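Shown next, in structure tokens, is the structure this report addresses.
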Amino acid sequence: MSKSAIVIGAGIVGLATARALAIRGYKVTVLERTGKAVGASIKNFGMIWPIGQPAGEMYERALLSKRIWKEVCNQAGIWYEESGSLHAAYNDAEQQVLEEFYEASNEERPCYLLNKNETANKSEAIVQKALRSALYCEDEMIVDPREAIAKLPAYLAEKYGVKFIWSSGVTKVFYPTVWCGEKLYEADQVFVCNGADFETLFPGQFAALPLTKCKLQMMRTEAQPGNWRIGPAICGGLSLIHYKSFAAAPSLNILKEKFENERSDYLNWGIHVMVSQNRIGELTIGDSHEYGQTFEPFDRAFINEMILTYLASFASFKTEKIIETWNGIYAKLRNTGTVVNHKRPHRVYKVVQGDRKKTLKLIKQYPTTFCRVFCLASIPNWLMIPSSFFTD
Ligand SMILES: Cc1cc2nc3c(=O)[nH]c(=O)nc-3n(C[C@H](O)[C@H](O)[C@H](O)COP(=O)(O)OP(=O)(O)OC[C@H]3O[C@@H](n4cnc5c(N)ncnc54)[C@H](O)[C@@H]3O)c2cc1C
């Protein structure tokens, strides 16, 4: 008899979970609260970003995630660009970090140190004045999250028979029954992929977990004229202290100290600045990071101004007209990457994103709550969970 599963939430984690379950022979039903997914998964840069992951297991997972994204995009007719990434250096400290990262990583990653001219050839968007050098890496890939999240349900329905029930907020789970108001559903397994909603389902359990929420502010420009492309996704020096991967550079602390002295306001708001470009040429620009359980719902204009001021120090575009601003909130483990929370009676799972080693630590901390671990074969951000996730 075929096994059945209910997935709660149609963001990327729910979609990835549905795919992985379907590959393993489950009859999958996805219950989504809203008429279409409008959570964190459509509000991001669409950056599939191995360079943000430290060498070893996490980097390998990021590459696996990218491979799965490519496969799915090709099958589902979703646009993607293997743009690579460009980190530009404008002072000694940034240059030193890039050089050391390159030395530590170039055998594992397809990355290259570029001089000023080579950087200009790679991207016309990079500001040349005071530019020292840049690190180009081939790994990174861009999707348009709005397109991808909209198209994936139809793909999963057609290819794997996944059933989507929209506008169906789950109000209670008591295994094996799932309530959507008065409507009841049942399945052999239930996966809670509800993003940053810690309040509706299992609020007590969520409160006990080292989970927090992160609010990010973002902007989008109008399409660049004449099909002008920026080339790789681009970042300034602040990204070097944001991503754990750059800890491979021994001088990173010097750069951190420099930012603490010169741009403490940026660090206070968790700002680092990146740009990606979608198929039609619009630029997605961000971002800031505020952590907590409840946020002001409004965008702070000064944060957007800070982001744009810093952006102007390393990139310029044919048009910089902002057509949209928004903020997004996603679930994040405090100090760690992620977790899969397995709840009694062994068949209800909370899925966030993760780092297996850190999850194991959490299991030791919460032995009754985390009784089973899955390897989330992806980066602790955008992910497409492969079937190996469910092998235990
Ligand atoms: C602004 C921003 C930029 C980012 N940039 C990147 C990036 O470029 N690359 C990257 O890798 N990561 C990025 N991230 C992180 C990434 O977007 C998130 O980690 C990811 O989208 C989380 O997916 P999710 O499915 O858990 O959450 P969501 O996309 O929020 O989905 C959760 C879904 O569950 C539904 N739901 C909740 N409760 C219920 C319920 N009770 N019943 C039914 N349905 C329910 C919600 O309606 C929602 O559709 C970014 C995040 C933000 C906010």
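In the structure tokens, chains take letters A, B, ... by order of appearance, with residues numbered from 1 within each chain and ligands from 1 in the order shown.
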Residues of range 77-276 of chain A classed as helix (DSSP H, G or I) by DSSP on the backbone are to be reported as a PyMOL selection string. chain A and resi 92-105+116-122+145-160+203-208+225-227+238-242+244-248+252-262+264-268
Taking C-alpha atoms for each residue, export the selection above as an mmCIF file, in the first residue's frame.
data_model
loop_
_atom_site.group_PDB
_atom_site.id
_atom_site.type_symbol
_atom_site.label_atom_id
_atom_site.label_comp_id
_atom_site.auth_asym_id
_atom_site.auth_seq_id
_atom_site.Cartn_x
_atom_site.Cartn_y
_atom_site.Cartn_z
ATOM 1 C CA ASP A 92 44.097 46.622 1.762
ATOM 2 C CA ALA A 93 42.029 44.693 4.274
ATOM 3 C CA GLU A 94 39.451 43.535 1.721
ATOM 4 C CA GLN A 95 42.129 42.677 -0.806
ATOM 5 C CA GLN A 96 44.031 40.676 1.792
ATOM 6 C CA VAL A 97 40.913 38.675 2.701
ATOM 7 C CA LEU A 98 40.187 37.902 -0.941
ATOM 8 C CA GLU A 99 43.784 36.813 -1.556
ATOM 9 C CA GLU A 100 43.832 34.575 1.497
ATOM 10 C CA PHE A 101 40.427 33.106 0.675
ATOM 11 C CA TYR A 102 41.658 32.394 -2.831
ATOM 12 C CA GLU A 103 44.817 30.708 -1.505
ATOM 13 C CA ALA A 104 42.769 28.571 0.866
ATOM 14 C CA SER A 105 40.017 27.696 -1.617
ATOM 15 C CA LYS A 116 41.285 45.800 -12.124
ATOM 16 C CA ASN A 117 41.058 45.280 -15.891
ATOM 17 C CA GLU A 118 39.949 41.701 -15.618
ATOM 18 C CA THR A 119 37.238 42.797 -13.172
ATOM 19 C CA ALA A 120 36.033 45.468 -15.578
ATOM 20 C CA ASN A 121 35.800 42.828 -18.279
ATOM 21 C CA LYS A 122 33.780 40.569 -16.007
ATOM 22 C CA PRO A 145 12.182 33.303 -6.897
ATOM 23 C CA ARG A 146 8.833 34.734 -7.934
ATOM 24 C CA GLU A 147 8.821 32.664 -11.103
ATOM 25 C CA ALA A 148 10.308 29.541 -9.513
ATOM 26 C CA ILE A 149 7.934 29.347 -6.554
ATOM 27 C CA ALA A 150 4.956 29.994 -8.812
ATOM 28 C CA LYS A 151 5.919 27.278 -11.318
ATOM 29 C CA LEU A 152 7.157 24.536 -9.001
ATOM 30 C CA PRO A 153 3.713 23.398 -7.748
ATOM 31 C CA ALA A 154 2.460 22.684 -11.280
ATOM 32 C CA TYR A 155 5.704 20.830 -12.022
ATOM 33 C CA LEU A 156 5.451 18.714 -8.859
ATOM 34 C CA ALA A 157 1.778 18.016 -9.549
ATOM 35 C CA GLU A 158 2.452 16.907 -13.094
ATOM 36 C CA LYS A 159 5.674 14.973 -12.572
ATOM 37 C CA TYR A 160 4.991 13.382 -9.185
ATOM 38 C CA PRO A 203 3.880 26.984 19.760
ATOM 39 C CA GLY A 204 5.178 25.423 22.967
ATOM 40 C CA GLN A 205 7.716 23.300 21.137
ATOM 41 C CA PHE A 206 8.858 26.204 19.014
ATOM 42 C CA ALA A 207 9.312 28.377 22.056
ATOM 43 C CA ALA A 208 11.629 25.729 23.509
ATOM 44 C CA PRO A 225 17.671 49.216 -20.579
ATOM 45 C CA GLY A 226 18.817 47.514 -23.774
ATOM 46 C CA ASN A 227 19.168 44.086 -22.146
ATOM 47 C CA LEU A 238 30.627 43.787 3.975
ATOM 48 C CA SER A 239 29.620 40.405 2.534
ATOM 49 C CA LEU A 240 33.074 39.098 3.405
ATOM 50 C CA ILE A 241 32.292 39.427 7.082
ATOM 51 C CA HIS A 242 28.724 38.158 6.677
ATOM 52 C CA LYS A 244 31.099 32.050 7.280
ATOM 53 C CA SER A 245 33.105 30.801 4.312
ATOM 54 C CA PHE A 246 35.444 33.809 4.426
ATOM 55 C CA ALA A 247 36.671 32.774 7.859
ATOM 56 C CA ALA A 248 39.125 30.726 5.776
ATOM 57 C CA LEU A 252 39.222 38.442 8.349
ATOM 58 C CA ASN A 253 39.387 39.817 11.894
ATOM 59 C CA ILE A 254 41.335 42.825 10.677
ATOM 60 C CA LEU A 255 38.593 43.560 8.176
ATOM 61 C CA LYS A 256 35.927 43.050 10.846
ATOM 62 C CA GLU A 257 37.697 45.521 13.100
ATOM 63 C CA LYS A 258 37.891 48.010 10.263
ATOM 64 C CA PHE A 259 34.134 47.776 9.686
ATOM 65 C CA GLU A 260 33.485 47.992 13.439
ATOM 66 C CA ASN A 261 35.459 51.237 13.508
ATOM 67 C CA GLU A 262 34.217 52.739 10.271
ATOM 68 C CA SER A 264 29.355 50.228 13.036
ATOM 69 C CA ASP A 265 25.916 51.545 11.988
ATOM 70 C CA TYR A 266 25.933 49.018 9.136
ATOM 71 C CA LEU A 267 26.879 46.201 11.481
ATOM 72 C CA ASN A 268 24.166 47.231 13.946
#
Could you give me, as number ranges by chain, the residues within 7 Å of range 37-50 of chain A, counting only C-alpha atoms and dropping anything in the same chain fewer than 6 positions from it? A: 10-12, 59, 62-63, 66, 139-146, 149, 276, 284, 328-330, 382
For Met218 in chain A, the closest of A:Thr34, A:Asn91, A:Ser123, A:Asn304 counting only C-alpha atoms is A:Asn304
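The smallest atom-to-atom distance between ligand 1 and any of A:Leu31, A:Ile6, A:Ala18, A:Ile234, using only C-alpha atoms and all ligand atoms, is found for A:Leu31.
Among A:Gly281, A:Gly195, A:Gly270, A:Gly181, the residue with the shortest atom-to-atom distance to ligand 1, counting only C-alpha atoms and all ligand atoms, is A:Gly195.
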Min atom-atom distance to Asp287 in chain A from the set A:Phe164, A:Phe317, A:Trp326, A:Tyr26, counting only C-alpha atoms, belongs to A:Trp326
The residue from A:Ser313, A:Thr325, A:Thr319, A:Asn278 with the smallest atom-to-atom distance to Cys235 in chain A, counting only C-alpha atoms, is A:Ser313
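Each of A:Glu32, A:Asn106, A:Cys193, A:Met306 was checked against Tyr136 in chain A using only C-alpha atoms; the smallest atom-to-atom distance is that of A:Asn106.
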- Task: Using only C-alpha atoms, determine which residues lie at most 7 Å from range 185-189 of chain A, disregarding the query and same-chain residues fewer than 5 positions distant; provide the list as a PyMOL selection string.
- Result: chain A and resi 3-6+176-179+347-348
Once you have the residues from the selection above, write them out as a compact mmCIF listing (two decimals), in the first residue's frame, restricted to N, CA and C atoms.
# COMPACT_ATOMS: atom_id res chain seq x y z
N LYS A 3 2.44 4.83 0.78
CA LYS A 3 2.49 5.64 2.00
C LYS A 3 2.01 7.05 1.65
N SER A 4 1.45 7.73 2.63
CA SER A 4 0.96 9.08 2.36
C SER A 4 1.65 10.08 3.28
N ALA A 5 1.75 11.31 2.78
CA ALA A 5 2.36 12.37 3.59
C ALA A 5 1.62 13.68 3.35
N ILE A 6 1.52 14.47 4.41
CA ILE A 6 1.00 15.83 4.29
C ILE A 6 2.16 16.77 4.56
N PRO A 176 -2.82 11.05 13.53
CA PRO A 176 -2.53 11.31 12.12
C PRO A 176 -3.47 12.33 11.47
N THR A 177 -4.13 13.13 12.29
CA THR A 177 -5.12 14.04 11.71
C THR A 177 -4.58 15.47 11.63
N VAL A 178 -4.90 16.11 10.53
CA VAL A 178 -4.51 17.50 10.32
C VAL A 178 -5.79 18.30 10.09
N TRP A 179 -5.97 19.33 10.87
CA TRP A 179 -7.18 20.16 10.77
C TRP A 179 -6.91 21.41 9.95
N ARG A 347 6.14 10.90 13.73
CA ARG A 347 5.71 11.10 12.35
C ARG A 347 5.36 12.55 12.01
N VAL A 348 5.62 13.46 12.89
CA VAL A 348 5.38 14.87 12.58
C VAL A 348 6.74 15.58 12.64
